[in-house]
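Report on one structure; see the data block that follows.
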There are 4 protein chains.
Amino acid sequence: MSMDMATTSKRSFLEIFKSKILTPRNLDYKLQFTGPTGANAIEAAVKLARKITKRTNVIAFTNGFHGCSLGALALTGNTTNRSSSTSQLIHVTRAAYAGYFGDSVDTADQLAALLDDPTSGYDPAAAFILEVIQGEGGLNTASSDWLQKIAALAERHDTLLIIDEIQAGCGRSGTFFSFEGMDVTPDIIVMSKGISGFGLPMSLVLLRPDLDCWLPSEHNGTFRGNNHAFVTARAAIETFWKDDKFETTLSERIDYLTQHLQGLAERSGFCIKGRGMMQGVDLRTPELAKRVQKNCFERNLVIETCGPYGEVLKLLPPLTINQIDLELGLERIEDALTEALQFQSGCPKTI
Amino acid sequence: MSMDMATTSKRSFLEIFKSKILTPRNLDYKLQFTGPTGANAIEAAVKLARKITKRTNVIAFTNGFHGCSLGALALTGNTTNRSSSTSQLIHVTRAAYAGYFGDSVDTADQLAALLDDPTSGYDPAAAFILEVIQGEGGLNTASSDWLQKIAALAERHDTLLIIDEIQAGCGRSGTFFSFEGMDVTPDIIVMSKGISGFGLPMSLVLLRPDLDCWLPSEHNGTFRGNNHAFVTARAAIETFWKDDKFETTLSERIDYLTQHLQGLAERSGFCIKGRGMMQGVDLRTPELAKRVQKNCFERNLVIETCGPYGEVLKLLPPLTINQIDLELGLERIEDALTEALQFQSGCPKTI
Amino acid sequence: MSMDMATTSKRSFLEIFKSKILTPRNLDYKLQFTGPTGANAIEAAVKLARKITKRTNVIAFTNGFHGCSLGALALTGNTTNRSSSTSQLIHVTRAAYAGYFGDSVDTADQLAALLDDPTSGYDPAAAFILEVIQGEGGLNTASSDWLQKIAALAERHDTLLIIDEIQAGCGRSGTFFSFEGMDVTPDIIVMSKGISGFGLPMSLVLLRPDLDCWLPSEHNGTFRGNNHAFVTARAAIETFWKDDKFETTLSERIDYLTQHLQGLAERSGFCIKGRGMMQGVDLRTPELAKRVQKNCFERNLVIETCGPYGEVLKLLPPLTINQIDLELGLERIEDALTEALQFQSGCPKTI
Amino acid sequence: MSMDMATTSKRSFLEIFKSKILTPRNLDYKLQFTGPTGANAIEAAVKLARKITKRTNVIAFTNGFHGCSLGALALTGNTTNRSSSTSQLIHVTRAAYAGYFGDSVDTADQLAALLDDPTSGYDPAAAFILEVIQGEGGLNTASSDWLQKIAALAERHDTLLIIDEIQAGCGRSGTFFSFEGMDVTPDIIVMSKGISGFGLPMSLVLLRPDLDCWLPSEHNGTFRGNNHAFVTARAAIETFWKDDKFETTLSERIDYLTQHLQGLAERSGFCIKGRGMMQGVDLRTPELAKRVQKNCFERNLVIETCGPYGEVLKLLPPLTINQIDLELGLERIEDALTEALQFQSGCPKTI
């Protein structure tokens, strides 16, 4: 039963999320359950930010992906997703993400210049919305420094900072939240995907407590509480986050993955992107990425691509993967890449 | 596991939906699984209609309710839902629903006049979207005649007819689809709520086969296939819709409900609204409706209100209710109403 | 010199406009000079209404014409004008003009029903904007009764009433303002076209004094004061409106025109539309209207058509026309019509 | 008489504009007369670009000013102008103007990166619209190099290049068009202000001949031809642009102005901005600029300020100014500045 009612499974989830996730991290948020998809939660987060600030403009970033319903799509950069709706995707101003113009340009400073200038045409914003690791956009990452500048800029302009943790959250970055250790406290956090621990539809909006100004049933929906998912989400937190065992093992896997990929980078000349269990190889062309993907598939390995052209091979291993499977997987990827490069160059070659 | 993958449970659902629902009704649709909420499905339906027709305008109706994400909210009439987003709710033109201006005004003819006039300011529309019974809007119903006029008007203007079956579908009206027997074939149908048969998040977009012009991953999302829901949805169809037994019993319950409510109408002077297992009493003021609701709650009966001011008491009994429970429920409602009227008039009175 | 400066010609115009136009009619308005076109003035009027009310929605009427810049175009009904910009024409809700659905439907009552219903989807409006005689839309006219209902509705909903006098004002209706004698006081009035008395670019926004909340240079523009036009506008008011001679003669011409057209209506079976020196013949098809127009041109008479399809022949004689010219003109029109009908029927015929 | 009719004064203007302005510069444009204000012309230009390209997005630049009607306002950067309409100012993406982030950042390269990336969120644009010298935005100037990159980028993306010459055109930059000698040919040019040579309302849209796809009366208006202005505009072209005498003298004045301002810059430490007869002093604070303006006024000199905060003193001498008056004016400005600095520092000081 999934209606929006007070159930014991919901209460249990709320309790454990507070005691095992929020309190240990010194965070204080109210939890809102919207329809159980990431897009529903993004829509709610942005609507609330607009309601609170009485501003319509929201600043989203290059290569960001936030969902496909109209409000979320306006925030999303991808032309394929956007193209049939462009004339409706309004009230979003785009800013350059961390490192977008290369290392020599600080895009947070540029955004500050634009927002501080009353004639730049950048209207005061209800919110900044961003991913700390851009899962679809090519595994681009924000540094602590950049994120802190953005947070400070938001505060200075009475703009809310929304962090979209749909893909990078729930441990994917190595910590529960992808912004942990970066000395930034978002005003609103959106979670989904892995949160139920079991692939069930579930999403969450975490609100700074004083931001909850919803009227009764203002942002309603039938499936705002998926009780089955509450049960599995509770179990997942209990299993993985009650102590630091899981995080420690995860950290070892990530170290191994990172080292392996750095070796591959040195051998092959390709760049590694991303962070935690969310890393990838920038293969520069979508053709090569597609061929590696195909070669992986022939080796019984399903792998995605991402980035503007699908040119980045994207490794998203299960967070619970064991060392043997991880090694096996990386071996297959390297094989697949070697074969693809041989095909490309027309002669046998090992990376 | 809920990802968008080909699974046996998905295939089974597709097969039974086709063989037990579509084929017997002489309908032919492709099924699209969006994120598993009604709002996600509405967003997809309307986006597709705009993509196909290359028009941005969509015509929605007074008192309609279609969801709270930005694209769906633009179609929704309710001020409480709309108020914090009004400046973003664009590209929807509102038309008067069946009977909106009373019996003497044919609002379908009025809409035809507006759309046939090239200077009326009613732009050519990508789609009409409507509920055959307006669940939130006050249990207003569309007649066959009105619906046929709207369908003909849509066809004449190359506009797609989208029927939102989220609340009125899946048997709620007495037949599987609420438009059955009305001699109208929608271009797109949106289903959710009851479709999983078990309260699990699930939604469906039914497309006239030739309308499927989506690009790969153009309208994507993580939870586009909720396999648990596929299993229960399959079971629900198998249990309730494989033959006409369920529909026959349902029809008896509806007859009883209708007769009882007509009696109540005669005794009390209030109007009955709605159709099928989706009927209600127009109590004229929200105060009275709230008091009846409260009196019902004290009698262990949860009941909703709807309509512009919440002035309509809305009966949505389970479709599987047995005769004894139905009678018991109606008795309690009548008691609750009697008590509320006594309270209101200040003296004992029986309706 | 046309810059926005305090000049003696501007002051003279302001003085005479106040003493000869406003004061005798018991009206009190502040005058705003925007860019000297009707569209500029409409843009300013609507922008101010939105600023004051903090609402974005504006209600405009079927067949209305208010100009072709983006804000004015959103208010305009004509598809030819709108078509290349439809996706940008937002925040306008369309309502049916007086008599739009025939005599038996009171469209002011319908609009009241829509606005009084919090779930109709008609958002609270910053303003109603309307023409008392729709010059482009087919010479449709609003009755006193309808206009009073609309004005009362506006007041009840804290909505401003803007009357667009661009075509119907400056004496065209028989009185200086087209709403005179209808017991309605608009909050904002927009004037242009004839106001300079000499065909020079000039426009005016009249504001209820308490509505002027513009910031310095908030709605600026280079040509906000066309001094040449101030001089001719002053002369026009002095010549025509200092006493009632002009209005009396105008009234005689209008009586003659009306009688003549009523005769033509009786003889031909066509309907007469409009009011004052702004009347026309509904010829039912654009083909016939075009042919009459062509036949008039061959008789050295320039005449326009209007209405949804250009099916209405539109008589806009100079307000200063003498009786002989008026008779001559009407004779030529009748000749042109007779010839067109003969051509249409294929045999000689007199109307 | 100002209606949109073929008149001899219009024909004469068209002939001389072609023979004395376009042909000698090797340019070929069709001339469109819209309502006679800059805003009307901007609205037409942008509407046409959207119609031609079937794209809604238009790219405008930081600190740009293009007018106050809704379509033009969306392109304008200034918060004071924008603030009461922000929720309607849609379908414009803002890009950083030449030099916006300092000399080390090439904003044309940045825009190219954004537009070349299909997931940046920068939608394909109908047009780029820009001023070569930003009159209101602070006398920022575009270099040939930057402008050529922007023009090449526009061409590569099938985007039209619209140059707004309203303030910088008609000789203000030292040449008739402000982009002369920069090896760039705009697709559309918008002119107004000085074009009538006499302060009369007049504006012009110059279209690459193949771009004229207007339907009859699609972008109409009453005052599309101001005949009085045609006469004076013709005379102005004949007087000033039939040979190179005027331009030569202008060039001498500009040289003098530039030298003087460079001297002032060296003496005072303030930066000089702008080009041609459109230069200014960046006084860093609006307080100082206001005081200099006031001191100038007391010396019978009217002078404007511009820039994000009004911190730039803006010299716009008449193009016909004689050497003596120019020297006198500059002397007064320098006096006014000296006095203002003394006031600021609290003690006598000469710059």
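How things are named: the first chain in the structure tokens is A, the next is B, and so on; residues count from 1 in each chain; ligands count from 1 in the order shown.
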
Self-check item: Residues of chain D within 9 Å of chain C, counting only C-alpha atoms, as a ChimeraX atom specification
Solution: /D:1-3,35-40,43-44,47-48,50-52,54,56,67-72,80-85,87-88,90-91,193,198-202,215-224,226-228

For the residues selected in the previous step, produce a file with C-alpha atoms as a compact mmCIF listing (two decimals), in the first residue's frame.
# COMPACT_ATOMS: atom_id res chain seq x y z
CA MET D 1 0.44 62.13 -42.09
CA SER D 2 2.11 59.03 -40.78
CA MET D 3 0.15 56.04 -41.97
CA GLY D 35 6.24 51.58 -35.35
CA PRO D 36 8.72 54.48 -35.13
CA THR D 37 10.46 53.57 -31.87
CA GLY D 38 13.55 51.52 -31.26
CA ALA D 39 11.59 49.03 -29.18
CA ASN D 40 9.09 48.43 -32.00
CA GLU D 43 10.46 43.51 -31.48
CA ALA D 44 10.09 43.11 -35.24
CA LYS D 47 10.15 38.14 -34.11
CA LEU D 48 11.34 37.73 -37.66
CA ARG D 50 12.33 33.46 -34.55
CA LYS D 51 9.93 33.00 -37.43
CA ILE D 52 12.71 32.26 -39.90
CA LYS D 54 11.70 28.29 -35.96
CA THR D 56 12.51 30.60 -29.71
CA GLY D 67 14.05 48.64 -25.04
CA CYS D 68 11.14 48.24 -22.64
CA SER D 69 8.31 46.49 -24.47
CA LEU D 70 8.07 42.88 -23.39
CA GLY D 71 10.06 41.29 -26.21
CA ALA D 72 12.76 43.97 -26.07
CA THR D 80 15.38 48.34 -12.76
CA ASN D 81 13.81 47.95 -16.18
CA ARG D 82 13.24 44.23 -15.81
CA SER D 83 12.06 43.92 -12.25
CA SER D 84 8.33 44.33 -12.63
CA SER D 85 8.18 41.85 -15.51
CA SER D 87 8.31 36.28 -14.85
CA GLN D 88 7.38 37.15 -18.44
CA ILE D 90 11.47 34.40 -21.38
CA HIS D 91 13.27 32.71 -24.22
CA LYS D 193 17.21 57.71 -32.46
CA PHE D 198 15.73 65.97 -36.31
CA GLY D 199 14.62 64.13 -33.18
CA LEU D 200 11.44 62.84 -34.78
CA PRO D 201 10.14 59.35 -34.00
CA MET D 202 11.56 57.03 -36.61
CA LEU D 215 2.95 37.90 -44.22
CA PRO D 216 0.87 40.95 -45.14
CA SER D 217 0.07 42.92 -41.96
CA GLU D 218 1.68 40.27 -39.76
CA HIS D 219 3.64 42.88 -37.82
CA ASN D 220 1.49 45.92 -38.37
CA GLY D 221 0.94 49.24 -36.64
CA THR D 222 -0.54 52.61 -37.40
CA PHE D 223 2.53 54.81 -37.47
CA ARG D 224 4.82 52.70 -39.61
CA ASN D 226 6.29 58.98 -40.24
CA ASN D 227 6.44 61.14 -43.36
CA HIS D 228 7.69 64.18 -41.56

Self-check item: Length of the atom CA of Ala6 of chain C to atom CA of Thr232 of chain C vector [Å]
Solution: 16.9 Å

Quiz item: Hey, what does DSSP flag as strand (DSSP E or B) within segment 97-267 of chain B? Can you give it to me as a ChimeraX atom specification?
Solution: /B:127-130,133-134,140-141,160-164,188-191,204-207

Quiz item: In Å, with one decimal, what is the gap from atom CA of Ile195 of chain C to atom CA of Asp282 of chain C?
Solution: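 So the two atoms, atom CA of Ile195 of chain C and atom CA of Asp282 of chain C, lie 28.1 Å apart.
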
Quiz prompt | Contacts of Asp335 of chain C within 10 Å, only C-alpha atoms, excl. fewer than 3 positions in-chain, as a list of chain:residue names | solution =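 My reading of the contact set: C:Val292, C:Asn295, C:Cys296, C:Arg299, C:Gly329, C:Leu330, C:Glu331, C:Arg332, C:Thr338, C:Glu339, C:Ala340, C:Leu341, C:Thr350, C:Ile351.
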
Create the file for the chosen residues now, containing C-alpha atoms and written as a PDB file, in the first residue's frame.
ATOM      1  CA  VAL C 292     -16.730  45.244 -52.674  1.00  0.00           C
ATOM      2  CA  ASN C 295     -15.176  47.917 -56.547  1.00  0.00           C
ATOM      3  CA  CYS C 296     -14.899  50.813 -54.085  1.00  0.00           C
ATOM      4  CA  ARG C 299     -14.681  54.317 -57.526  1.00  0.00           C
ATOM      5  CA  GLY C 329     -19.187  57.886 -50.186  1.00  0.00           C
ATOM      6  CA  LEU C 330     -22.194  55.866 -49.113  1.00  0.00           C
ATOM      7  CA  GLU C 331     -23.550  55.955 -52.643  1.00  0.00           C
ATOM      8  CA  ARG C 332     -20.303  54.569 -54.017  1.00  0.00           C
ATOM      9  CA  THR C 338     -24.591  45.998 -55.940  1.00  0.00           C
ATOM     10  CA  GLU C 339     -21.986  45.255 -58.561  1.00  0.00           C
ATOM     11  CA  ALA C 340     -20.332  42.672 -56.344  1.00  0.00           C
ATOM     12  CA  LEU C 341     -23.614  40.906 -55.687  1.00  0.00           C
ATOM     13  CA  THR C 350     -30.046  45.783 -57.238  1.00  0.00           C
ATOM     14  CA  ILE C 351     -29.872  45.537 -53.508  1.00  0.00           C
TER      15      ILE C 351
END

Self-check item: Close residues, Ala113 of chain D itself excluded, 10 Å, only C-alpha atoms, min 5 positions apart in chain, as an MDAnalysis selection string
Solution: (chainID A and resid 100:101) or (chainID D and resid 107:108 118 120 122)

Output all heavy atoms of each residue in that selection to a file, as a CSV table (one decimal), in the first residue's frame.
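selection22.csv written:
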chain,number,residue,atom,x,y,z
A,100,TYR,N,34.2,24.1,-16.2
A,100,TYR,CA,33.6,24.0,-17.5
A,100,TYR,C,34.5,24.6,-18.6
A,100,TYR,O,34.6,24.1,-19.7
A,100,TYR,CB,32.2,24.6,-17.6
A,100,TYR,CG,31.5,24.3,-18.9
A,100,TYR,CD1,30.9,23.1,-19.1
A,100,TYR,CD2,31.5,25.3,-19.9
A,100,TYR,CE1,30.2,22.8,-20.3
A,100,TYR,CE2,30.9,25.0,-21.1
A,100,TYR,CZ,30.2,23.8,-21.3
A,100,TYR,OH,29.6,23.5,-22.5
A,101,PHE,N,35.2,25.7,-18.3
A,101,PHE,CA,36.0,26.4,-19.3
A,101,PHE,C,37.5,26.1,-19.0
A,101,PHE,O,38.4,26.9,-19.4
A,101,PHE,CB,35.8,27.9,-19.2
A,101,PHE,CG,34.4,28.3,-19.6
A,101,PHE,CD1,33.6,29.1,-18.8
A,101,PHE,CD2,33.9,28.0,-20.9
A,101,PHE,CE1,32.3,29.5,-19.2
A,101,PHE,CE2,32.6,28.4,-21.3
A,101,PHE,CZ,31.8,29.1,-20.4
D,107,THR,N,35.3,35.8,-24.1
D,107,THR,CA,33.9,35.4,-23.9
D,107,THR,C,33.3,34.9,-25.2
D,107,THR,O,32.3,34.1,-25.1
D,107,THR,CB,33.0,36.5,-23.4
D,107,THR,OG1,33.1,37.6,-24.3
D,107,THR,CG2,33.5,37.0,-22.0
D,108,ALA,N,33.8,35.2,-26.3
D,108,ALA,CA,33.3,34.6,-27.6
D,108,ALA,C,33.7,33.1,-27.6
D,108,ALA,O,32.9,32.3,-28.1
D,108,ALA,CB,33.9,35.4,-28.8
D,118,PRO,N,26.2,19.9,-26.9
D,118,PRO,CA,24.8,19.6,-26.9
D,118,PRO,C,24.1,19.3,-25.5
D,118,PRO,O,22.9,19.2,-25.5
D,118,PRO,CB,24.7,18.4,-27.8
D,118,PRO,CG,26.0,17.7,-27.7
D,118,PRO,CD,27.0,18.8,-27.4
D,120,SER,N,25.0,21.5,-22.8
D,120,SER,CA,25.3,22.6,-22.0
D,120,SER,C,24.0,23.3,-21.4
D,120,SER,O,24.1,24.0,-20.5
D,120,SER,CB,26.1,23.7,-22.8
D,120,SER,OG,25.2,24.3,-23.7
D,122,TYR,N,22.4,25.4,-23.3
D,122,TYR,CA,22.3,26.5,-24.2
D,122,TYR,C,21.6,26.0,-25.5
D,122,TYR,O,22.2,25.4,-26.3
D,122,TYR,CB,23.6,27.2,-24.5
D,122,TYR,CG,24.0,28.2,-23.5
D,122,TYR,CD1,24.3,27.8,-22.2
D,122,TYR,CD2,24.2,29.6,-23.9
D,122,TYR,CE1,24.7,28.8,-21.3
D,122,TYR,CE2,24.5,30.5,-22.9
D,122,TYR,CZ,24.8,30.1,-21.6
D,122,TYR,OH,25.1,31.0,-20.7

Practice problem: Just the alpha helix (DSSP H) stuff from segment 52-292 of chain D, please, per backbone DSSP, written as number ranges by chain. | Solution: D: 52-53, 70-73, 79-82, 107-116, 144-156, 227-241, 245-268, 286-292

Please save C-alpha atoms of the selected residues as an mmCIF file, in the first residue's frame.
data_model
loop_
_atom_site.group_PDB
_atom_site.id
_atom_site.type_symbol
_atom_site.label_atom_id
_atom_site.label_comp_id
_atom_site.auth_asym_id
_atom_site.auth_seq_id
_atom_site.Cartn_x
_atom_site.Cartn_y
_atom_site.Cartn_z
ATOM 1 C CA ILE D 52 12.711 32.256 -39.903
ATOM 2 C CA THR D 53 14.677 29.873 -37.724
ATOM 3 C CA LEU D 70 8.065 42.884 -23.388
ATOM 4 C CA GLY D 71 10.059 41.293 -26.213
ATOM 5 C CA ALA D 72 12.762 43.971 -26.071
ATOM 6 C CA LEU D 73 12.834 43.985 -22.289
ATOM 7 C CA THR D 79 17.223 45.065 -13.213
ATOM 8 C CA THR D 80 15.378 48.343 -12.765
ATOM 9 C CA ASN D 81 13.814 47.951 -16.175
ATOM 10 C CA ARG D 82 13.241 44.228 -15.806
ATOM 11 C CA THR D 107 33.897 35.392 -23.914
ATOM 12 C CA ALA D 108 33.328 34.621 -27.601
ATOM 13 C CA ASP D 109 35.278 31.395 -27.129
ATOM 14 C CA GLN D 110 33.219 30.650 -24.022
ATOM 15 C CA LEU D 111 29.968 31.145 -25.914
ATOM 16 C CA ALA D 112 31.256 28.899 -28.670
ATOM 17 C CA ALA D 113 32.036 26.186 -26.112
ATOM 18 C CA LEU D 114 28.546 26.452 -24.673
ATOM 19 C CA LEU D 115 26.765 26.370 -28.014
ATOM 20 C CA ASP D 116 28.917 23.588 -29.427
ATOM 21 C CA SER D 144 36.698 43.437 -34.326
ATOM 22 C CA ASP D 145 38.166 40.158 -33.273
ATOM 23 C CA TRP D 146 35.382 39.383 -30.811
ATOM 24 C CA LEU D 147 32.690 40.503 -33.216
ATOM 25 C CA GLN D 148 34.087 38.364 -36.010
ATOM 26 C CA LYS D 149 34.125 35.335 -33.744
ATOM 27 C CA ILE D 150 30.516 35.982 -32.766
ATOM 28 C CA ALA D 151 29.531 36.392 -36.427
ATOM 29 C CA ALA D 152 31.307 33.174 -37.366
ATOM 30 C CA LEU D 153 29.660 31.359 -34.473
ATOM 31 C CA ALA D 154 26.264 32.642 -35.582
ATOM 32 C CA GLU D 155 26.861 31.423 -39.085
ATOM 33 C CA ARG D 156 28.040 28.017 -37.908
ATOM 34 C CA ASN D 227 6.445 61.141 -43.359
ATOM 35 C CA HIS D 228 7.693 64.177 -41.558
ATOM 36 C CA ALA D 229 10.603 62.066 -40.360
ATOM 37 C CA PHE D 230 11.231 60.707 -43.862
ATOM 38 C CA VAL D 231 11.683 64.264 -45.066
ATOM 39 C CA THR D 232 14.126 65.199 -42.308
ATOM 40 C CA ALA D 233 15.937 61.863 -42.525
ATOM 41 C CA ARG D 234 16.430 62.367 -46.234
ATOM 42 C CA ALA D 235 17.743 65.862 -45.614
ATOM 43 C CA ALA D 236 20.101 64.586 -42.911
ATOM 44 C CA ILE D 237 21.596 61.967 -45.213
ATOM 45 C CA GLU D 238 21.903 64.481 -48.008
ATOM 46 C CA THR D 239 23.540 67.025 -45.746
ATOM 47 C CA PHE D 240 25.906 64.797 -43.829
ATOM 48 C CA TRP D 241 26.554 61.628 -45.781
ATOM 49 C CA LYS D 245 33.262 66.052 -45.402
ATOM 50 C CA PHE D 246 31.094 65.450 -42.371
ATOM 51 C CA GLU D 247 32.832 62.214 -41.517
ATOM 52 C CA THR D 248 36.232 63.910 -41.780
ATOM 53 C CA THR D 249 35.267 66.709 -39.419
ATOM 54 C CA LEU D 250 33.657 64.195 -37.093
ATOM 55 C CA SER D 251 36.875 62.266 -37.065
ATOM 56 C CA GLU D 252 38.814 65.359 -36.032
ATOM 57 C CA ARG D 253 36.415 66.054 -33.182
ATOM 58 C CA ILE D 254 36.650 62.447 -32.035
ATOM 59 C CA ASP D 255 40.441 62.614 -32.099
ATOM 60 C CA TYR D 256 40.341 65.710 -29.978
ATOM 61 C CA LEU D 257 37.826 64.196 -27.567
ATOM 62 C CA THR D 258 39.840 61.007 -27.251
ATOM 63 C CA GLN D 259 43.119 62.824 -26.626
ATOM 64 C CA HIS D 260 41.517 65.037 -24.056
ATOM 65 C CA LEU D 261 39.944 62.102 -22.241
ATOM 66 C CA GLN D 262 43.211 60.171 -22.292
ATOM 67 C CA GLY D 263 44.875 63.119 -20.683
ATOM 68 C CA LEU D 264 42.157 63.259 -18.086
ATOM 69 C CA ALA D 265 42.604 59.543 -17.481
ATOM 70 C CA GLU D 266 46.297 60.003 -16.888
ATOM 71 C CA ARG D 267 45.795 62.961 -14.595
ATOM 72 C CA SER D 268 42.973 61.393 -12.615
ATOM 73 C CA PRO D 286 27.491 56.362 -8.666
ATOM 74 C CA GLU D 287 27.835 58.966 -5.918
ATOM 75 C CA LEU D 288 30.794 60.599 -7.626
ATOM 76 C CA ALA D 289 29.137 60.361 -11.038
ATOM 77 C CA LYS D 290 25.971 62.000 -9.710
ATOM 78 C CA ARG D 291 27.949 64.796 -8.150
ATOM 79 C CA VAL D 292 29.859 65.463 -11.362
#

Exercise. Extract, using only C-alpha atoms, all DNA, RNA and protein residues at most 8 Å from segment 19-31 of chain D, discarding same-chain residues fewer than 2 positions from it, and format them as a ChimeraX atom specification.
Key: /D:14-17,33,176,204-209,212,237-238,241-242

When you look at Gly276 of chain A with a cut-off of 7 Å (counting only C-alpha atoms), what residues show up, excluding the ones that are within fewer than 3 positions of it in the same chain? I need them as an mmCIF file with N, CA, C and O atoms, in the first residue's frame.
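And here is the file that came out, around_1.cif:
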data_model
loop_
_atom_site.group_PDB
_atom_site.id
_atom_site.type_symbol
_atom_site.label_atom_id
_atom_site.label_comp_id
_atom_site.auth_asym_id
_atom_site.auth_seq_id
_atom_site.Cartn_x
_atom_site.Cartn_y
_atom_site.Cartn_z
ATOM 1 N N ARG A 172 27.289 6.437 -3.171
ATOM 2 C CA ARG A 172 27.926 6.322 -4.490
ATOM 3 C C ARG A 172 29.275 7.041 -4.560
ATOM 4 O O ARG A 172 30.214 6.588 -5.214
ATOM 5 N N SER A 173 29.372 8.182 -3.862
ATOM 6 C CA SER A 173 30.626 8.967 -3.899
ATOM 7 C C SER A 173 31.671 8.439 -2.917
ATOM 8 O O SER A 173 32.791 8.925 -2.887
ATOM 9 N N GLY A 174 31.271 7.473 -2.097
ATOM 10 C CA GLY A 174 32.179 6.979 -1.060
ATOM 11 C C GLY A 174 31.682 7.331 0.329
ATOM 12 O O GLY A 174 31.982 6.658 1.308
ATOM 13 N N ILE A 254 36.950 1.635 -3.646
ATOM 14 C CA ILE A 254 37.149 2.878 -4.412
ATOM 15 C C ILE A 254 38.646 3.114 -4.636
ATOM 16 O O ILE A 254 39.063 3.491 -5.738
ATOM 17 N N GLN A 279 33.104 6.548 -11.501
ATOM 18 C CA GLN A 279 34.220 7.060 -12.278
ATOM 19 C C GLN A 279 34.109 6.568 -13.713
ATOM 20 O O GLN A 279 33.354 5.649 -14.021
#

Self-check item: Nearest residue to Glu165 of chain B from the set B:Gln323, B:Asn140, B:Ser196, B:Ser203 (distances using only C-alpha atoms)
Solution: B:Ser203
